[in-house]
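Asks: The structure follows.
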Amino acid sequence: MKLAKDLIAFSDRLGHAFERPDLLIRALTHSSLSAPTRPDNQRLEFLGDRVLGLVMAEALLEQDKEAPEGQLAPRFNALVRKETCADVAREIDLGAVLKLGKSEMKTGGRRKHALLGDAMEAVIAAVYRDAGYEAARDVILRLWGERVSKVEADARDAKTTLQEWAQARRMPPPAYVEVGRTGPDHAPVFTVEVRMETGATARAEASSKRQAEQAAAKAMLARLDSAG
């Protein structure tokens with residue numbers, strides 16, 4: 001089996017030449033397009049999630065030989081979460097080669113966090129099945145790049161930190177309010193405002209409510225830090 005030109009270009013961006021091209025095709029096939037003769041990527045996604053987890057666990061242990069499990073766990077979660085996988089997928093334009101059914105095509109499936117994150121995990125599994133663990137590890141570490149060395153800052157859960165700040169001062173939890181939504185239904189942009197009992201507010205935008213809430217919490221924390 002030979003790959004189409006767009007998949008060859010994607011393999012170049014991925015940094016892996018497949019001996020078994022069928023693995024890549026399966027990794028890029030969403031369940032909306034699956035059929036008995038065209039299996040989808042769900043089983044590969046399951047495997048890829050585990051391969052990614054092992055690679056990141058090893059990388060974190062190697063990077064910080066003294067950190068206890070309590071420090072490593074949030075860093076690990078930040079590196080393997082679906083949003084991070086989706087961000088990596090966007091950097092290599094994985095969405096352009098996703099094989100989707102008409103329903104997902106119409107609703108902007110190529111840009112959806114969940115679909116991109118799942119497909120990224122499936123592609124990792126395809127590399128693993130094609131060439132083994134070391135090849136998969138090399139691809140992952142190259143694509144994740146500086147995220148591994150800079151993960152400590154990203155691992156800070158802003159919403160949890162802000163809530164703990166409020167609780168320590170006997171305040172009620174921050175309130176998160178969606179104050180705006182723009183863009184088409186398949187690619188919305190949410191504006192969320194976080195409100196504190198003190199009257200302080202901060203806003204942020206993102207393509208999901210969860211990300212917008214986290215960004216708003218980060219903005220509020222930055223404001224509190226600067227205020228001393």
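Ligands are numbered from 1 in the order shown, residues from 1 within each chain, and chains are lettered A, B, ... in the order they appear in the structure tokens.
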I want to know what sits within 12 Å of A:Tyr133, based on only C-alpha atoms, with residues of the same chain fewer than 2 positions away left out; could you give that as a PDB file with N, CA and C atoms, in the first residue's frame?
Replies:
```pdb
ATOM      1  N   LEU A  47      -4.236   2.547  22.866  1.00  0.00           N
ATOM      2  CA  LEU A  47      -2.831   2.162  23.010  1.00  0.00           C
ATOM      3  C   LEU A  47      -1.928   3.380  23.056  1.00  0.00           C
ATOM      4  N   GLY A  48      -2.186   4.337  22.193  1.00  0.00           N
ATOM      5  CA  GLY A  48      -1.332   5.519  22.133  1.00  0.00           C
ATOM      6  C   GLY A  48      -1.322   6.314  23.420  1.00  0.00           C
ATOM      7  N   ARG A  50      -1.455   5.099  26.361  1.00  0.00           N
ATOM      8  CA  ARG A  50      -0.547   4.406  27.282  1.00  0.00           C
ATOM      9  C   ARG A  50       0.914   4.594  26.892  1.00  0.00           C
ATOM     10  N   VAL A  51       1.192   4.587  25.599  1.00  0.00           N
ATOM     11  CA  VAL A  51       2.573   4.803  25.149  1.00  0.00           C
ATOM     12  C   VAL A  51       3.016   6.223  25.509  1.00  0.00           C
ATOM     13  N   LEU A  52       2.157   7.188  25.247  1.00  0.00           N
ATOM     14  CA  LEU A  52       2.469   8.578  25.602  1.00  0.00           C
ATOM     15  C   LEU A  52       2.718   8.710  27.097  1.00  0.00           C
ATOM     16  N   LEU A  54       3.779   6.466  29.258  1.00  0.00           N
ATOM     17  CA  LEU A  54       5.053   5.872  29.661  1.00  0.00           C
ATOM     18  C   LEU A  54       6.221   6.767  29.261  1.00  0.00           C
ATOM     19  N   VAL A  55       6.172   7.294  28.050  1.00  0.00           N
ATOM     20  CA  VAL A  55       7.253   8.174  27.591  1.00  0.00           C
ATOM     21  C   VAL A  55       7.370   9.399  28.492  1.00  0.00           C
ATOM     22  N   ILE A 124       0.437   8.146  17.544  1.00  0.00           N
ATOM     23  CA  ILE A 124       1.546   7.659  18.388  1.00  0.00           C
ATOM     24  C   ILE A 124       1.542   6.132  18.428  1.00  0.00           C
ATOM     25  N   ALA A 125       0.354   5.558  18.598  1.00  0.00           N
ATOM     26  CA  ALA A 125       0.252   4.098  18.617  1.00  0.00           C
ATOM     27  C   ALA A 125       0.654   3.496  17.274  1.00  0.00           C
ATOM     28  N   ALA A 126       0.287   4.183  16.192  1.00  0.00           N
ATOM     29  CA  ALA A 126       0.655   3.681  14.865  1.00  0.00           C
ATOM     30  C   ALA A 126       2.173   3.634  14.703  1.00  0.00           C
ATOM     31  N   VAL A 127       2.855   4.652  15.179  1.00  0.00           N
ATOM     32  CA  VAL A 127       4.323   4.651  15.129  1.00  0.00           C
ATOM     33  C   VAL A 127       4.875   3.518  15.982  1.00  0.00           C
ATOM     34  N   TYR A 128       4.299   3.347  17.163  1.00  0.00           N
ATOM     35  CA  TYR A 128       4.743   2.276  18.064  1.00  0.00           C
ATOM     36  C   TYR A 128       4.562   0.903  17.427  1.00  0.00           C
ATOM     37  N   ARG A 129       3.399   0.664  16.824  1.00  0.00           N
ATOM     38  CA  ARG A 129       3.137  -0.629  16.192  1.00  0.00           C
ATOM     39  C   ARG A 129       4.007  -0.826  14.950  1.00  0.00           C
ATOM     40  N   ASP A 130       4.354   0.281  14.305  1.00  0.00           N
ATOM     41  CA  ASP A 130       5.124   0.203  13.063  1.00  0.00           C
ATOM     42  C   ASP A 130       6.610  -0.027  13.320  1.00  0.00           C
ATOM     43  N   ALA A 131       7.152   0.613  14.375  1.00  0.00           N
ATOM     44  CA  ALA A 131       8.613   0.587  14.539  1.00  0.00           C
ATOM     45  C   ALA A 131       9.084   0.401  15.970  1.00  0.00           C
ATOM     46  N   ALA A 135      11.154   4.292  18.591  1.00  0.00           N
ATOM     47  CA  ALA A 135      10.720   5.187  17.518  1.00  0.00           C
ATOM     48  C   ALA A 135       9.585   6.083  17.999  1.00  0.00           C
ATOM     49  N   ALA A 136       8.647   5.495  18.732  1.00  0.00           N
ATOM     50  CA  ALA A 136       7.534   6.279  19.263  1.00  0.00           C
ATOM     51  C   ALA A 136       8.029   7.319  20.260  1.00  0.00           C
ATOM     52  N   ARG A 137       8.951   6.919  21.103  1.00  0.00           N
ATOM     53  CA  ARG A 137       9.509   7.855  22.082  1.00  0.00           C
ATOM     54  C   ARG A 137      10.203   9.017  21.399  1.00  0.00           C
ATOM     55  N   ASP A 138      10.971   8.733  20.370  1.00  0.00           N
ATOM     56  CA  ASP A 138      11.679   9.797  19.667  1.00  0.00           C
ATOM     57  C   ASP A 138      10.705  10.789  19.034  1.00  0.00           C
ATOM     58  N   VAL A 139       9.640  10.271  18.424  1.00  0.00           N
ATOM     59  CA  VAL A 139       8.633  11.142  17.812  1.00  0.00           C
ATOM     60  C   VAL A 139       7.967  11.996  18.877  1.00  0.00           C
ATOM     61  N   ILE A 140       7.566  11.387  19.977  1.00  0.00           N
ATOM     62  CA  ILE A 140       6.871  12.121  21.039  1.00  0.00           C
ATOM     63  C   ILE A 140       7.749  13.224  21.611  1.00  0.00           C
TER      64      ILE A 140
END
```
Asks: Write out as a PyMOL selection string which residues come within 8 Å of stretch 208-223 of chain A when counting only C-alpha atoms, dropping same-chain ones fewer than 4 positions away.
Replies: chain A and resi 157-159+162+176+178+188-194+201-204+227
Asks: Of the candidates A:Arg169, A:Ala114, A:Gly109, A:Gly145, which shows the shortest atom-to-atom distance to A:Glu83, using only C-alpha atoms?
Replies: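 Comparing A:Arg169, A:Ala114, A:Gly109, A:Gly145 against A:Glu83, the winner is A:Ala114.
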Asks: Got a sec to tell me which of stretch 21-180 of chain A DSSP assigns to strand (DSSP E or B), as a PyMOL selection string?
Replies: chain A and resi 29+35+38+99+175-180
Asks: For the residues in the current selection, export N, CA and C atoms as a short mmCIF file (atom, residue, chain, number, x, y, z; two decimals), in the first residue's frame.
Replies:
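Here's the written file result-v4.cif:
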```cif
data_model
loop_
_atom_site.label_atom_id
_atom_site.label_comp_id
_atom_site.auth_asym_id
_atom_site.auth_seq_id
_atom_site.Cartn_x
_atom_site.Cartn_y
_atom_site.Cartn_z
N THR A 29 -8.39 7.68 10.80
CA THR A 29 -9.78 7.42 10.43
C THR A 29 -10.69 7.52 11.65
N ALA A 35 -16.01 1.54 8.81
CA ALA A 35 -16.83 0.51 8.18
C ALA A 35 -16.12 -0.81 8.40
N ARG A 38 -13.03 -0.68 6.82
CA ARG A 38 -12.27 0.53 7.11
C ARG A 38 -12.32 0.78 8.62
N LYS A 99 -9.57 11.66 8.44
CA LYS A 99 -10.60 11.07 7.58
C LYS A 99 -11.90 11.03 8.37
N ALA A 175 -16.59 32.82 41.03
CA ALA A 175 -17.69 32.49 40.12
C ALA A 175 -17.22 32.70 38.69
N TYR A 176 -17.55 31.75 37.82
CA TYR A 176 -17.17 31.84 36.40
C TYR A 176 -18.44 32.01 35.57
N VAL A 177 -18.47 33.08 34.80
CA VAL A 177 -19.67 33.43 34.04
C VAL A 177 -19.31 33.58 32.57
N GLU A 178 -20.05 32.89 31.71
CA GLU A 178 -19.86 33.07 30.27
C GLU A 178 -20.51 34.39 29.88
N VAL A 179 -19.71 35.33 29.41
CA VAL A 179 -20.22 36.65 29.08
C VAL A 179 -20.25 36.92 27.58
N GLY A 180 -19.77 35.98 26.80
CA GLY A 180 -19.79 36.18 25.35
C GLY A 180 -19.45 34.92 24.61
#
```
Asks: In terms of the shortest atom-to-atom distance over only C-alpha atoms, which of A:Asp49, A:Asp6, A:Asp185, A:Asp12 is closest to A:Val123?
Replies: A:Asp49
Asks: I need the residue nearest A:Leu72 from this list: A:Ala59, A:Leu115, A:Arg142, A:Ser32. Use only C-alpha atoms for the distance.
Replies: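 Nearest candidate to A:Leu72 out of A:Ala59, A:Leu115, A:Arg142, A:Ser32: A:Ala59.
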Asks: Need to verify the contact set: A:Ser149, 12 Å, only C-alpha atoms, exclusion of same-chain residues closer than 5 positions in sequence. Can you return it as a short mmCIF file (atom, residue, chain, number, x, y, z; two decimals) with N, CA and C atoms, in the first residue's frame?
Replies:
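Saved result, part-v4.cif, follows:
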```
data_model
loop_
_atom_site.label_atom_id
_atom_site.label_comp_id
_atom_site.auth_asym_id
_atom_site.auth_seq_id
_atom_site.Cartn_x
_atom_site.Cartn_y
_atom_site.Cartn_z
N MET A 56 6.24 10.01 28.83
CA MET A 56 6.27 11.21 29.65
C MET A 56 6.68 10.92 31.08
N ALA A 59 10.38 10.57 30.96
CA ALA A 59 11.02 11.85 30.70
C ALA A 59 11.03 12.73 31.96
N LEU A 60 9.94 12.73 32.70
CA LEU A 60 9.87 13.53 33.91
C LEU A 60 10.81 13.01 34.99
N LEU A 61 10.90 11.69 35.13
CA LEU A 61 11.82 11.12 36.11
C LEU A 61 13.27 11.44 35.76
N GLU A 62 13.57 11.42 34.48
CA GLU A 62 14.94 11.73 34.04
C GLU A 62 15.25 13.21 34.20
N GLN A 63 14.26 14.04 33.96
CA GLN A 63 14.44 15.49 34.04
C GLN A 63 14.66 15.97 35.47
N ASP A 64 13.90 15.42 36.40
CA ASP A 64 14.00 15.84 37.80
C ASP A 64 14.14 14.58 38.66
N ARG A 75 2.55 17.58 36.66
CA ARG A 75 3.34 17.82 35.45
C ARG A 75 2.97 16.77 34.39
N PHE A 76 2.89 15.53 34.85
CA PHE A 76 2.50 14.44 33.95
C PHE A 76 1.13 14.70 33.34
N ALA A 78 -0.40 17.46 32.85
CA ALA A 78 -0.36 18.57 31.91
C ALA A 78 0.19 18.15 30.56
N LEU A 79 1.12 17.20 30.56
CA LEU A 79 1.76 16.77 29.32
C LEU A 79 0.91 15.81 28.51
N LEU A 141 8.96 12.89 21.98
CA LEU A 141 9.84 13.88 22.61
C LEU A 141 10.17 15.02 21.66
N TRP A 144 6.75 17.10 21.36
CA TRP A 144 6.39 17.81 22.61
C TRP A 144 7.44 18.86 22.95
N ASP A 154 3.06 25.11 33.42
CA ASP A 154 1.80 24.70 32.81
C ASP A 154 0.99 23.79 33.71
N ALA A 155 1.66 23.08 34.62
CA ALA A 155 0.97 22.12 35.48
C ALA A 155 0.16 22.79 36.58
#
```
Asks: From the set A:Gln167, A:Gln42, A:Ser11, A:Ser34, which residue has the shortest atom-to-atom contact distance to A:Val97, counting only C-alpha atoms?
Replies: A:Ser11
Asks: Restricting the calculation to only C-alpha atoms, which member of A:Asn77, A:Leu44, A:Val148, A:Leu143 is positioned closest to A:Leu14?
Replies: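 With only C-alpha atoms as the atom set, the closest residue is A:Leu143.
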Asks: Kindly give the distance, in Å, that separates atom CA of A:Lys112 and atom CA of A:Ala17, rounded to a single decimal.
Replies: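 Spanning atom CA of A:Lys112 to atom CA of A:Ala17 is a straight-line distance of 26.3 Å.
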Asks: Please measure the separation of atom CA of A:Phe10 and atom CA of A:Thr107, giving the value in Å to one decimal.
Replies: 23.1 Å
